[in-house]
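Engineer: Structure: upload_30.csv, CSV, C-alpha atoms and all ligand atoms.
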chain,number,residue,atom,x,y,z
A,24,MET,CA,-5.8,10.2,-23.4
A,25,PRO,CA,-5.6,12.2,-26.7
A,26,PRO,CA,-3.8,15.6,-26.6
A,27,SER,CA,-5.8,18.7,-27.5
A,28,ARG,CA,-6.8,18.4,-31.2
A,29,ARG,CA,-7.2,20.8,-34.0
A,30,PRO,CA,-9.1,20.0,-37.2
A,31,LEU,CA,-7.1,17.8,-39.4
A,32,GLY,CA,-5.0,19.7,-41.8
A,33,ALA,CA,-5.5,23.1,-40.2
A,34,ALA,CA,-2.3,25.0,-39.7
A,35,PRO,CA,-1.5,26.4,-36.3
A,36,ARG,CA,-2.6,30.0,-36.2
A,37,THR,CA,0.5,31.5,-34.6
A,38,ALA,CA,4.2,30.8,-34.3
A,39,LYS,CA,3.5,30.1,-30.6
A,40,ALA,CA,0.9,27.5,-31.4
A,41,ALA,CA,3.3,25.9,-33.8
A,42,ALA,CA,6.0,25.7,-31.1
A,43,ALA,CA,3.5,24.3,-28.6
A,44,ALA,CA,2.6,21.4,-31.0
A,45,THR,CA,6.0,19.8,-30.2
A,46,THR,CA,6.9,19.0,-26.6
A,47,THR,CA,9.2,16.7,-24.7
A,48,GLY,CA,8.2,13.8,-22.6
A,49,THR,CA,9.3,10.5,-21.0
A,50,VAL,CA,8.4,7.1,-22.4
A,51,VAL,CA,6.5,5.2,-19.7
A,52,ALA,CA,5.8,2.0,-21.6
A,53,ALA,CA,6.8,0.4,-24.9
A,54,TYR,CA,4.5,-1.9,-26.8
A,55,ARG,CA,5.0,-3.5,-30.1
A,56,ARG,CA,4.7,-0.4,-32.3
A,57,HIS,CA,3.4,2.2,-30.0
A,58,TRP,CA,4.6,3.9,-26.9
A,59,ALA,CA,2.9,5.6,-23.9
A,60,VAL,CA,4.6,9.0,-23.3
A,61,LEU,CA,4.1,11.2,-20.3
A,62,ARG,CA,4.5,14.7,-21.7
A,63,ASP,CA,6.3,17.2,-19.5
A,64,ASP,CA,3.0,19.1,-19.3
A,65,GLY,CA,1.5,16.1,-17.5
A,66,ALA,CA,-0.6,14.6,-20.4
A,67,LEU,CA,-0.3,10.9,-21.1
A,68,VAL,CA,-0.4,10.2,-24.8
A,69,ALA,CA,-0.3,7.2,-27.0
A,70,CYS,CA,2.4,7.7,-29.6
A,71,VAL,CA,3.6,6.2,-32.8
A,72,LEU,CA,7.1,6.6,-34.2
A,73,LYS,CA,8.0,8.8,-37.1
A,74,GLY,CA,10.2,6.7,-39.4
A,75,ARG,CA,11.3,3.3,-38.2
A,76,GLY,CA,14.1,1.5,-36.6
A,77,ALA,CA,14.7,3.6,-33.5
A,78,THR,CA,15.2,1.8,-30.2
A,79,ILE,CA,12.9,3.2,-27.6
A,80,ALA,CA,12.6,2.0,-24.0
A,81,ALA,CA,10.7,3.2,-20.9
A,82,GLY,CA,12.7,6.1,-19.5
A,83,ASP,CA,13.7,7.5,-22.8
A,84,ARG,CA,13.2,11.2,-23.3
A,85,VAL,CA,11.5,12.0,-26.6
A,86,GLN,CA,10.4,14.9,-28.7
A,87,VAL,CA,6.7,14.4,-29.4
A,88,ALA,CA,4.5,16.2,-32.0
A,89,SER,CA,0.7,16.2,-31.5
A,90,GLY,CA,-1.0,13.9,-34.0
A,91,ASP,CA,-4.5,13.0,-34.7
A,92,GLY,CA,-5.8,11.4,-31.5
A,93,GLY,CA,-2.3,10.8,-30.1
A,94,GLY,CA,1.3,11.8,-30.6
A,95,VAL,CA,4.2,11.2,-32.9
A,96,ILE,CA,7.6,10.6,-31.6
A,97,GLU,CA,9.9,12.7,-33.8
A,98,HIS,CA,13.1,11.7,-32.2
A,99,VAL,CA,14.7,10.2,-29.1
A,100,LEU,CA,16.9,12.6,-27.1
A,101,PRO,CA,20.4,11.4,-26.3
A,102,ARG,CA,20.3,8.9,-23.4
A,103,ARG,CA,22.8,8.3,-20.7
A,104,ASN,CA,22.4,4.5,-20.9
A,105,LEU,CA,20.2,1.6,-21.9
A,106,VAL,CA,19.7,-1.3,-19.5
A,107,TYR,CA,19.1,-4.6,-21.3
A,108,ARG,CA,18.3,-8.0,-20.2
A,109,SER,CA,18.1,-11.1,-22.2
A,110,ASP,CA,17.3,-14.8,-21.9
A,111,ALA,CA,18.5,-17.7,-24.1
A,112,HIS,CA,16.1,-16.6,-26.8
A,113,ARG,CA,16.0,-12.9,-27.1
A,114,ALA,CA,17.2,-9.6,-25.7
A,115,LYS,CA,14.8,-7.2,-24.0
A,116,LEU,CA,15.2,-3.6,-23.2
A,117,VAL,CA,14.5,-2.8,-19.5
A,118,ALA,CA,14.8,0.9,-19.4
A,119,ALA,CA,16.8,3.9,-20.5
A,120,ASN,CA,18.4,6.7,-18.5
A,121,VAL,CA,18.7,4.6,-15.4
A,122,THR,CA,20.7,5.6,-12.3
A,123,LEU,CA,19.9,2.7,-10.0
A,124,VAL,CA,19.2,-1.0,-10.5
A,125,VAL,CA,17.2,-2.6,-7.7
A,126,GLY,CA,17.5,-6.4,-7.6
A,127,VAL,CA,14.5,-7.8,-5.8
A,128,VAL,CA,14.7,-11.2,-4.0
A,129,ALA,CA,12.3,-13.0,-1.6
A,130,PRO,CA,12.6,-16.0,0.7
A,131,ASP,CA,9.6,-18.0,-0.5
A,132,LEU,CA,10.9,-18.8,-4.0
A,133,ALA,CA,13.7,-20.9,-5.2
A,134,ILE,CA,16.0,-17.9,-5.9
A,135,ASP,CA,19.0,-18.2,-8.1
A,136,LEU,CA,21.5,-15.9,-6.3
A,137,GLU,CA,23.8,-15.8,-9.3
A,138,LEU,CA,21.2,-13.4,-10.7
A,139,LEU,CA,22.4,-10.9,-8.1
A,140,ASP,CA,25.9,-11.0,-9.6
A,141,ARG,CA,24.5,-10.6,-13.1
A,142,TRP,CA,22.2,-7.7,-12.2
A,143,SER,CA,25.0,-5.9,-10.4
A,144,VAL,CA,27.3,-6.4,-13.4
A,145,ALA,CA,24.6,-5.1,-15.7
A,146,ALA,CA,24.2,-2.0,-13.4
A,147,GLU,CA,28.0,-1.4,-13.2
A,148,ALA,CA,28.5,-1.8,-16.9
A,149,GLU,CA,25.8,0.9,-17.5
A,150,GLY,CA,27.2,3.3,-14.9
A,151,CYS,CA,24.3,2.7,-12.5
A,152,ALA,CA,24.3,2.1,-8.7
A,153,PHE,CA,23.0,-1.3,-7.5
A,154,VAL,CA,21.1,-2.2,-4.4
A,155,VAL,CA,19.5,-5.5,-3.2
A,156,CYS,CA,15.9,-5.4,-2.0
A,157,ALA,CA,15.1,-8.4,0.2
A,158,ASN,CA,11.3,-8.4,0.1
A,159,LYS,CA,8.7,-10.4,2.2
A,160,SER,CA,10.4,-9.9,5.6
A,161,ASP,CA,7.1,-11.0,7.0
A,162,ASP,CA,7.7,-14.5,5.6
A,163,PRO,CA,8.7,-17.0,8.3
A,164,ALA,CA,11.6,-18.1,6.1
A,165,PHE,CA,13.1,-14.6,5.9
A,166,ALA,CA,15.4,-14.9,9.0
A,167,GLY,CA,17.1,-17.8,7.4
A,168,PHE,CA,17.3,-16.2,4.0
A,169,LEU,CA,18.8,-12.7,4.8
A,170,PRO,CA,22.3,-14.0,5.8
A,171,ARG,CA,22.6,-15.5,2.3
A,172,LEU,CA,22.8,-11.9,1.0
A,173,ALA,CA,25.8,-11.0,3.1
A,174,PRO,CA,28.3,-11.5,0.2
A,175,TRP,CA,26.7,-8.7,-1.7
A,176,GLN,CA,26.8,-6.5,1.3
A,177,ARG,CA,30.6,-7.2,1.5
A,178,LEU,CA,30.9,-6.1,-2.1
A,179,GLY,CA,29.6,-2.8,-0.9
A,180,TYR,CA,26.0,-3.0,-2.2
A,181,GLY,CA,23.2,-2.0,0.1
A,182,VAL,CA,20.7,-4.6,1.2
A,183,ILE,CA,17.3,-3.3,2.1
A,184,ALA,CA,15.1,-5.7,4.1
A,185,MET,CA,11.4,-5.0,4.0
A,186,SER,CA,7.9,-6.1,3.4
A,187,ALA,CA,6.1,-4.4,0.5
A,188,LYS,CA,2.9,-5.5,2.1
A,189,HIS,CA,3.6,-3.6,5.3
A,190,ASP,CA,6.2,-0.8,4.8
A,191,ALA,CA,8.2,0.2,1.8
A,192,SER,CA,9.6,3.4,3.4
A,193,LEU,CA,13.2,2.2,3.6
A,194,LEU,CA,13.3,1.6,-0.2
A,195,ARG,CA,11.4,4.8,-0.9
A,196,ALA,CA,14.1,6.8,0.9
A,197,ARG,CA,16.8,5.2,-1.3
A,198,LEU,CA,14.8,5.9,-4.5
A,199,LEU,CA,14.3,9.6,-4.1
A,200,GLY,CA,15.8,11.5,-7.0
A,201,GLU,CA,16.8,8.2,-8.7
A,202,HIS,CA,15.7,6.8,-12.0
A,203,ALA,CA,15.4,3.2,-10.8
A,204,VAL,CA,14.4,-0.2,-12.3
A,205,LEU,CA,13.2,-3.2,-10.4
A,206,VAL,CA,14.5,-6.5,-11.6
A,207,GLY,CA,13.8,-9.9,-10.2
A,208,GLN,CA,12.3,-13.3,-10.7
A,209,SER,CA,8.6,-13.6,-11.2
A,210,GLY,CA,6.7,-13.5,-7.9
A,211,VAL,CA,9.3,-11.7,-5.7
A,212,GLY,CA,6.9,-8.7,-5.4
A,213,LYS,CA,8.1,-6.1,-7.8
A,214,SER,CA,4.6,-4.9,-8.7
A,215,THR,CA,3.6,-5.0,-5.1
A,216,ILE,CA,6.5,-2.8,-4.3
A,217,VAL,CA,5.6,-0.3,-7.0
A,218,ASN,CA,2.0,-0.2,-5.8
A,219,ALA,CA,3.2,0.5,-2.2
A,220,LEU,CA,5.5,3.4,-3.5
A,221,VAL,CA,3.1,4.8,-6.1
A,222,PRO,CA,-0.5,4.4,-4.9
A,223,ALA,CA,-1.8,5.5,-8.3
A,224,ALA,CA,0.3,3.0,-10.2
A,225,GLY,CA,-2.4,0.4,-10.7
A,226,ALA,CA,0.5,-2.0,-11.2
A,227,ARG,CA,-0.8,-5.4,-11.7
A,228,VAL,CA,-0.3,-7.8,-8.8
A,229,GLY,CA,-1.1,-11.3,-8.0
A,230,GLU,CA,-4.3,-10.5,-6.1
A,231,VAL,CA,-5.8,-8.8,-9.1
A,232,SER,CA,-5.5,-11.9,-11.2
A,233,GLN,CA,-6.8,-14.1,-8.4
A,234,ALA,CA,-9.8,-11.8,-8.2
A,235,LEU,CA,-10.2,-12.3,-12.0
A,236,GLY,CA,-9.8,-16.0,-11.6
A,237,SER,CA,-6.9,-16.2,-14.0
A,238,GLY,CA,-4.3,-17.4,-11.5
A,239,ARG,CA,-1.0,-15.6,-11.3
A,240,HIS,CA,-0.8,-12.1,-12.7
A,241,THR,CA,2.5,-11.5,-14.3
A,242,THR,CA,3.9,-8.2,-15.5
A,243,THR,CA,4.5,-8.4,-19.3
A,244,GLU,CA,6.0,-5.0,-20.1
A,245,SER,CA,8.3,-2.6,-18.4
A,246,THR,CA,6.3,0.4,-17.0
A,247,LEU,CA,7.6,3.6,-15.6
A,248,HIS,CA,6.0,5.3,-12.6
A,249,ARG,CA,6.9,8.7,-11.2
A,250,LEU,CA,7.5,8.7,-7.5
A,251,PRO,CA,4.9,10.8,-5.8
A,252,ASP,CA,6.1,13.8,-3.7
A,253,ASP,CA,9.6,13.6,-5.1
A,254,PRO,CA,10.7,17.2,-6.0
A,255,SER,CA,13.8,15.8,-7.6
A,256,GLY,CA,11.8,13.9,-10.2
A,257,GLY,CA,12.5,10.3,-9.3
A,258,TRP,CA,10.9,7.4,-11.1
A,259,ILE,CA,10.7,3.7,-10.9
A,260,VAL,CA,10.3,1.0,-13.6
A,261,ASP,CA,8.5,-2.2,-12.9
A,262,SER,CA,9.8,-5.0,-15.2
A,263,PRO,CA,8.6,-8.5,-16.0
A,264,GLY,CA,10.1,-11.3,-14.0
A,265,MET,CA,12.8,-13.3,-15.6
A,266,THR,CA,14.7,-16.5,-14.6
A,267,GLN,CA,17.7,-15.8,-16.7
A,268,PHE,CA,19.7,-12.7,-17.3
A,269,ALA,CA,22.2,-13.2,-20.1
A,270,LEU,CA,24.6,-10.3,-20.8
A,271,ALA,CA,25.9,-11.2,-24.2
A,272,HIS,CA,25.3,-7.6,-25.3
A,273,LEU,CA,28.0,-6.2,-23.1
A,274,GLU,CA,31.4,-5.4,-24.7
A,275,PRO,CA,33.8,-8.3,-23.7
A,276,SER,CA,36.5,-5.7,-22.7
A,277,ALA,CA,34.1,-3.9,-20.4
A,278,ILE,CA,33.0,-7.0,-18.4
A,279,PRO,CA,35.9,-7.4,-15.9
A,280,ALA,CA,35.6,-3.9,-14.6
A,281,ALA,CA,31.9,-4.4,-14.0
A,282,PHE,CA,32.9,-6.7,-11.2
A,283,VAL,CA,33.7,-4.3,-8.3
A,284,ASP,CA,35.8,-6.8,-6.5
A,285,LEU,CA,38.1,-7.3,-9.5
A,286,ARG,CA,38.7,-3.7,-10.2
A,287,PRO,CA,41.7,-3.2,-7.8
A,288,TRP,CA,43.6,-6.0,-9.7
A,289,LEU,CA,42.9,-5.1,-13.3
A,290,GLY,CA,45.9,-3.8,-15.2
A,291,ARG,CA,48.3,-5.4,-12.7
A,292,CYS,CA,48.7,-8.8,-14.5
A,293,ARG,CA,52.0,-9.6,-16.2
A,294,PHE,CA,50.4,-9.8,-19.6
A,295,ARG,CA,48.4,-6.8,-20.8
A,296,ASP,CA,45.9,-9.1,-22.6
A,297,CYS,CA,45.6,-11.5,-19.6
A,298,ARG,CA,42.4,-13.5,-19.6
A,299,HIS,CA,42.7,-14.1,-15.8
A,300,ASP,CA,42.6,-17.8,-16.3
A,301,ARG,CA,45.9,-19.7,-15.9
A,302,GLU,CA,48.4,-17.1,-17.1
A,303,PRO,CA,51.5,-16.7,-15.0
A,304,GLY,CA,51.6,-13.5,-13.0
A,305,CYS,CA,47.8,-13.0,-13.1
A,306,ALA,CA,47.0,-10.5,-10.3
A,307,VAL,CA,43.3,-11.6,-10.4
A,308,GLN,CA,44.2,-15.3,-9.8
A,309,GLU,CA,46.6,-14.2,-7.1
A,310,ALA,CA,43.8,-12.3,-5.4
A,311,VAL,CA,41.7,-15.5,-5.6
A,312,ALA,CA,44.5,-17.6,-4.1
A,313,ARG,CA,44.8,-15.1,-1.2
A,314,GLY,CA,41.1,-15.2,-0.6
A,315,ASP,CA,40.6,-11.5,-1.5
A,316,VAL,CA,38.2,-12.4,-4.4
A,317,ALA,CA,35.7,-15.2,-4.5
A,318,ARG,CA,36.5,-17.9,-7.1
A,319,HIS,CA,33.0,-18.0,-8.4
A,320,ARG,CA,33.0,-14.3,-9.3
A,321,VAL,CA,36.1,-14.8,-11.5
A,322,ALA,CA,34.4,-17.9,-13.1
A,323,LEU,CA,31.3,-15.9,-13.8
A,324,MET,CA,33.4,-13.0,-15.3
A,325,ARG,CA,35.1,-15.5,-17.6
A,326,THR,CA,31.8,-17.1,-18.6
A,327,LEU,CA,30.3,-13.7,-19.5
A,328,VAL,CA,33.3,-12.7,-21.5
A,329,ALA,CA,33.2,-16.0,-23.4
A,330,GLN,CA,29.5,-15.6,-24.1
A,331,SER,CA,29.8,-12.0,-25.2
A,332,GLU,CA,32.7,-13.0,-27.6
A,333,ALA,CA,30.7,-15.9,-29.0
A,334,ALA,CA,27.8,-13.6,-29.7
A,335,ARG,CA,30.1,-11.3,-31.7
A,336,ARG,CA,31.7,-14.0,-33.8
A,337,PRO,CA,30.9,-13.7,-37.5
A,338,GLY,CA,28.5,-16.2,-39.0
A,339,ARG,CA,26.3,-16.3,-35.9
A,401,LIG,N1,4.0,-12.1,2.4
A,401,LIG,C1,4.3,-11.2,1.4
A,401,LIG,N2,3.9,-11.4,0.2
A,401,LIG,C2,4.2,-10.5,-0.7
A,401,LIG,C3,5.0,-9.3,-0.4
A,401,LIG,N3,5.1,-8.6,-1.5
A,401,LIG,C4,4.5,-9.3,-2.5
A,401,LIG,N4,3.9,-10.4,-2.0
A,401,LIG,C5,3.1,-11.4,-2.8
A,401,LIG,O1,3.9,-12.0,-3.8
A,401,LIG,C6,3.1,-12.3,-4.9
A,401,LIG,C7,3.8,-11.8,-6.2
A,401,LIG,O2,3.8,-10.4,-6.2
A,401,LIG,P1,4.0,-9.5,-7.5
A,401,LIG,O3,4.1,-8.1,-7.0
A,401,LIG,O4,2.9,-9.8,-8.5
A,401,LIG,O5,5.4,-10.1,-8.0
A,401,LIG,P2,6.2,-9.6,-9.3
A,401,LIG,O6,7.6,-9.6,-8.9
A,401,LIG,O7,5.7,-8.3,-9.8
A,401,LIG,O8,6.0,-10.8,-10.3
A,401,LIG,P3,6.0,-10.7,-12.0
A,401,LIG,O9,5.2,-9.6,-12.4
A,401,LIG,O10,5.5,-12.1,-12.4
A,401,LIG,O11,7.5,-10.6,-12.3
A,401,LIG,C8,1.7,-11.7,-4.7
A,401,LIG,O12,0.9,-12.7,-4.2
A,401,LIG,C9,2.0,-10.7,-3.6
A,401,LIG,O13,0.9,-10.4,-2.8
A,401,LIG,C10,5.4,-9.2,1.0
A,401,LIG,O14,6.1,-8.2,1.3
A,401,LIG,N5,5.1,-10.2,1.8
A,402,MG,MG,4.9,-7.8,-11.7
A,403,ZN,ZN,45.1,-11.7,-15.1
Written as structure tokens, how would this file's structure read?

Structural biologist:
Amino acid sequence: MPPSRRPLGAAPRTAKAAAAATTTGTVVAAYRRHWAVLRDDGALVACVLKGRGATIAAGDRVQVASGDGGGVIEHVLPRRNLVYRSDAHRAKLVAANVTLVVGVVAPDLAIDLELLDRWSVAAEAEGCAFVVCANKSDDPAFAGFLPRLAPWQRLGYGVIAMSAKHDASLLRARLLGEHAVLVGQSGVGKSTIVNALVPAAGARVGEVSQALGSGRHTTTESTLHRLPDDPSGGWIVDSPGMTQFALAHLEPSAIPAAFVDLRPWLGRCRFRDCRHDREPGCAVQEAVARGDVARHRVALMRTLVAQSEAARRPGR
């Protein structure tokens, strides 16, 4: 939808009009070289970027000038964080200014539960809360699936069991006032959840594509939706499904503290630069030996640190 236009080249008549030509807004979707921005006055405008090279993701706050038939992003306002995800081939921005990461899983798919660890680490590293959404509670396999999520509950993360097809109110209550992103493998129901929470979302779901005869319908870009009737301005980002979630972009030194269960032991090892492997006096390995920390969590931490260091090595 284009913003109100004035004839090309005509100067704004008053100082007030000049001020009105620039407004702030929130990026709702990012495409290759253009962005959909929801201006604070409620208008949705297609924008291009002034200059080049800026990183812009859904959730970014931007200063937008009215242009001919659209808008121009003049600059990106300072952001509190930027949630990334990556696979073996490339990194992808998920969203900016996030307060809550929602990891969605479902019983009917071969779910790689290590992804829950990776999502929670991504959330902790960006200063976000993390919650697990166990979707498709109407599926017969759900009763056998839910107990598998107990380890994340023990780490202190909430687990919300629900069926997006029937009732998303438990999740909605958790989302109020949050700037949330849904992450999860393809087909777990992220777009169905967004449709249940935001009736006007028009988020694309499997049924749509079936109706169109094109088989599965997969989300290809992150898209932000404002939660209706949330006076505190909550929003939710639907993101494309991914089977891998590499975190090579995280600072190696920041990774151990992103594991909530390791935090109490960090800084207590005999060596200040302890890698928590086989060093004598390693408080983390001692916690593993006592059964206070799961061995696979430390193994994942060390894998992520090694990958992050490898990605920073010169000549790569
Ligand atoms: N039984 C059941 N099916 C569901 C539920 N939620 C979603 N589905 C179905 O699961 C399939 C995938 O749903 P989507 O919402 O497209 O999944 P998605 O996570 O957005 O997938 P991608 O966009 O590929 O990442 C569709 O056929 C939905 O109808 C649920 O609560 N119960
Ligand atoms: Mg989807
Ligand atoms: Zn150690």

Engineer: As an exercise, work out the distance from atom CA of A:Met265 to atom CA of A:Gln208 in Å and give it to one decimal place.

Structural biologist: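 Result for atom CA of A:Met265 versus atom CA of A:Gln208: 4.9 Å, one decimal.
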
Engineer: Show me which residues are within 7 Å of ligand ZN 403 (chain A) counting only C-alpha atoms and all ligand atoms, and format the list as a list of chain:residue names.

Structural biologist: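 Every residue with an atom at most 7 Å from ligand ZN 403 (chain A) is listed here: A:Cys292, A:Cys297, A:Arg298, A:His299, A:Asp300, A:Glu302, A:Cys305, A:Ala306, A:Val307, A:Gln308.
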
Engineer: Got time to write the residues from that selection, C-alpha atoms, as a CSV table (one decimal), in the frame of the given file?

Structural biologist:
chain,number,residue,atom,x,y,z
A,292,CYS,CA,48.7,-8.8,-14.5
A,297,CYS,CA,45.6,-11.5,-19.6
A,298,ARG,CA,42.4,-13.5,-19.6
A,299,HIS,CA,42.7,-14.1,-15.8
A,300,ASP,CA,42.6,-17.8,-16.3
A,302,GLU,CA,48.4,-17.1,-17.1
A,305,CYS,CA,47.8,-13.0,-13.1
A,306,ALA,CA,47.0,-10.5,-10.3
A,307,VAL,CA,43.3,-11.6,-10.4
A,308,GLN,CA,44.2,-15.3,-9.8

Engineer: Pick the closest to A:His189 from A:Ser160, A:Thr78, A:Ser214, A:Ser209: which is it, counting only C-alpha atoms?

Structural biologist: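 The closest residue to A:His189 is A:Ser160.
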
Engineer: Residues at most 12 Å from stretch 165-168 of chain A, counting only C-alpha atoms, excluding those fewer than 3 positions away in the same chain, as a ChimeraX atom specification?

Structural biologist: /A:128-134,136,157-162,171-173,184-186

Engineer: Write to file, as a tab-separated table (two decimals), in the coordinates of the input, the residues of the selection just made, with C-alpha atoms.

Structural biologist:
chain	number	residue	atom	x	y	z
A	128	VAL	CA	14.70	-11.20	-4.00
A	129	ALA	CA	12.30	-13.00	-1.60
A	130	PRO	CA	12.60	-16.00	0.70
A	131	ASP	CA	9.60	-18.00	-0.50
A	132	LEU	CA	10.90	-18.80	-4.00
A	133	ALA	CA	13.70	-20.90	-5.20
A	134	ILE	CA	16.00	-17.90	-5.90
A	136	LEU	CA	21.50	-15.90	-6.30
A	157	ALA	CA	15.10	-8.40	0.20
A	158	ASN	CA	11.30	-8.40	0.10
A	159	LYS	CA	8.70	-10.40	2.20
A	160	SER	CA	10.40	-9.90	5.60
A	161	ASP	CA	7.10	-11.00	7.00
A	162	ASP	CA	7.70	-14.50	5.60
A	171	ARG	CA	22.60	-15.50	2.30
A	172	LEU	CA	22.80	-11.90	1.00
A	173	ALA	CA	25.80	-11.00	3.10
A	184	ALA	CA	15.10	-5.70	4.10
A	185	MET	CA	11.40	-5.00	4.00
A	186	SER	CA	7.90	-6.10	3.40

Engineer: How many Å lie between atom P2 of ligand LIG 401 (chain A) and atom CA of A:Gly179, rounded to one decimal?

Structural biologist: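 Distance between the two atoms: 25.8 Å.
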
Engineer: In Å, rounded to a single decimal, give me how far atom CA of A:Met324 is from atom CA of A:Val206.

Structural biologist: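 Distance reported for this atom pair: 20.3 Å.
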
Engineer: Which residues come within 12 Å of A:Ala277, counting only C-alpha atoms, excluding same-chain residues fewer than 4 positions away, as a list in words?

Structural biologist: Val144, Ala145, Glu147, Ala148, Glu149, Gly150, Leu270, Ala271, His272, Leu273, Ala281, Phe282, Arg286, Leu289, Met324, Arg325, Leu327, Val328, Ser331 and Glu332 of chain A

Engineer: If we draw a sphere of 6 Å around (17.1, 3.6, -18.1), which residues have at least one atom in it when counting only C-alpha atoms? Please report them as a compact mmCIF listing (two decimals) with C-alpha atoms, keeping the file's coordinate frame.

Structural biologist:
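As written to disk, point-v8.txt reads:
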# COMPACT_ATOMS: atom_id res chain seq x y z
CA GLY A 82 12.70 6.10 -19.50
CA LEU A 105 20.20 1.60 -21.90
CA VAL A 106 19.70 -1.30 -19.50
CA ALA A 118 14.80 0.90 -19.40
CA ALA A 119 16.80 3.90 -20.50
CA ASN A 120 18.40 6.70 -18.50
CA VAL A 121 18.70 4.60 -15.40

Engineer: Between A:Glu309, A:Glu244, A:Glu274, A:Asp284, which is the closest to ligand LIG 401 (chain A) once you count all atoms listed in the file?

Structural biologist: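 Counting all atoms listed in the file, the residue closest to ligand LIG 401 (chain A) is A:Glu244.
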
Engineer: Can you work out which one of A:Gly65, A:Pro279, A:Gly264, A:Pro337 has the shortest atom-to-atom distance to ligand MG 402 (chain A), counting all atoms listed in the file?

Structural biologist: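 For ligand MG 402 (chain A), the nearest of the candidates is A:Gly264.
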
Engineer: Starting from the point (20.4, -2.9, -6.5), work out which residues of protein, DNA or RNA have an atom no more than 10 Å away when counting only C-alpha atoms; state them as a VMD selection string.

Structural biologist: chain A and resid 123 to 127 139 142 to 143 146 151 to 156 175 180 to 183 203 to 206

Engineer: Given the choices A:Ser276, A:Thr326, A:Ser255, A:Thr246, which gets closest to ligand MG 402 (chain A) if the distance is worked out from only C-alpha atoms and all ligand atoms?

Structural biologist: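 Selected residue with least distance to ligand MG 402 (chain A): A:Thr246.
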
Engineer: A:Arg249: which residues within 8 Å, counting all atoms listed in the file, same-chain residues fewer than 4 positions away excluded, as a PyMOL selection string?

Structural biologist: chain A and resi 221+256-259

Engineer: Considering all atoms listed in the file, can you say which of A:Ser262, A:Gln176, A:Gln330, A:Ser192 comes closest to ligand LIG 401 (chain A)?

Structural biologist: A:Ser262

Engineer: Identify, on the basis of all atoms listed in the file, every residue whose closest approach to A:Asp83 does not exceed 12 Å; exclude the query and any residue fewer than 5 positions from it along the same chain; express the result as a ChimeraX atom specification.

Structural biologist: /A:47-53,58-62,77-78,96,98-106,116-121,202,246-247,260

Engineer: Which one is closest to ligand LIG 401 (chain A): A:Ser89, A:Ser245, A:Thr45, A:Thr215? Count only C-alpha atoms and all ligand atoms.

Structural biologist: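 Counting only C-alpha atoms and all ligand atoms, the residue closest to ligand LIG 401 (chain A) is A:Thr215.
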
Engineer: Please identify all polymer residues within 10 Å of A:Asp253, counting all atoms listed in the file, omitting same-chain residues fewer than 5 positions from it, and present them as a VMD selection string.

Structural biologist: chain A and resid 195 198 to 201 258

Engineer: N, CA and C atoms for stretch 302-313 of chain A, written as a compact mmCIF listing (two decimals), in the coordinates of the input, could you do that?

Structural biologist:
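Contents of the output file rebuild-v2.txt:
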# COMPACT_ATOMS: atom_id res chain seq x y z
N GLU A 302 47.17 -17.76 -16.72
CA GLU A 302 48.40 -17.10 -17.10
C GLU A 302 49.29 -16.86 -15.89
N PRO A 303 50.62 -17.00 -16.08
CA PRO A 303 51.50 -16.70 -15.00
C PRO A 303 51.45 -15.17 -14.65
N GLY A 304 51.58 -14.86 -13.40
CA GLY A 304 51.60 -13.50 -13.00
C GLY A 304 50.25 -12.78 -13.10
N CYS A 305 49.15 -13.57 -13.02
CA CYS A 305 47.80 -13.00 -13.10
C CYS A 305 47.41 -12.41 -11.72
N ALA A 306 47.26 -11.12 -11.63
CA ALA A 306 47.00 -10.50 -10.30
C ALA A 306 45.58 -10.88 -9.83
N VAL A 307 44.66 -11.17 -10.77
CA VAL A 307 43.30 -11.60 -10.40
C VAL A 307 43.36 -12.96 -9.71
N GLN A 308 44.06 -13.90 -10.37
CA GLN A 308 44.20 -15.30 -9.80
C GLN A 308 44.94 -15.24 -8.48
N GLU A 309 45.90 -14.35 -8.37
CA GLU A 309 46.60 -14.20 -7.10
C GLU A 309 45.70 -13.74 -6.00
N ALA A 310 44.81 -12.82 -6.36
CA ALA A 310 43.80 -12.30 -5.40
C ALA A 310 42.89 -13.44 -4.94
N VAL A 311 42.53 -14.30 -5.89
CA VAL A 311 41.70 -15.50 -5.60
C VAL A 311 42.44 -16.38 -4.60
N ALA A 312 43.70 -16.65 -4.91
CA ALA A 312 44.50 -17.60 -4.10
C ALA A 312 44.65 -17.02 -2.65
N ARG A 313 44.73 -15.71 -2.52
CA ARG A 313 44.80 -15.10 -1.20
C ARG A 313 43.50 -15.06 -0.46
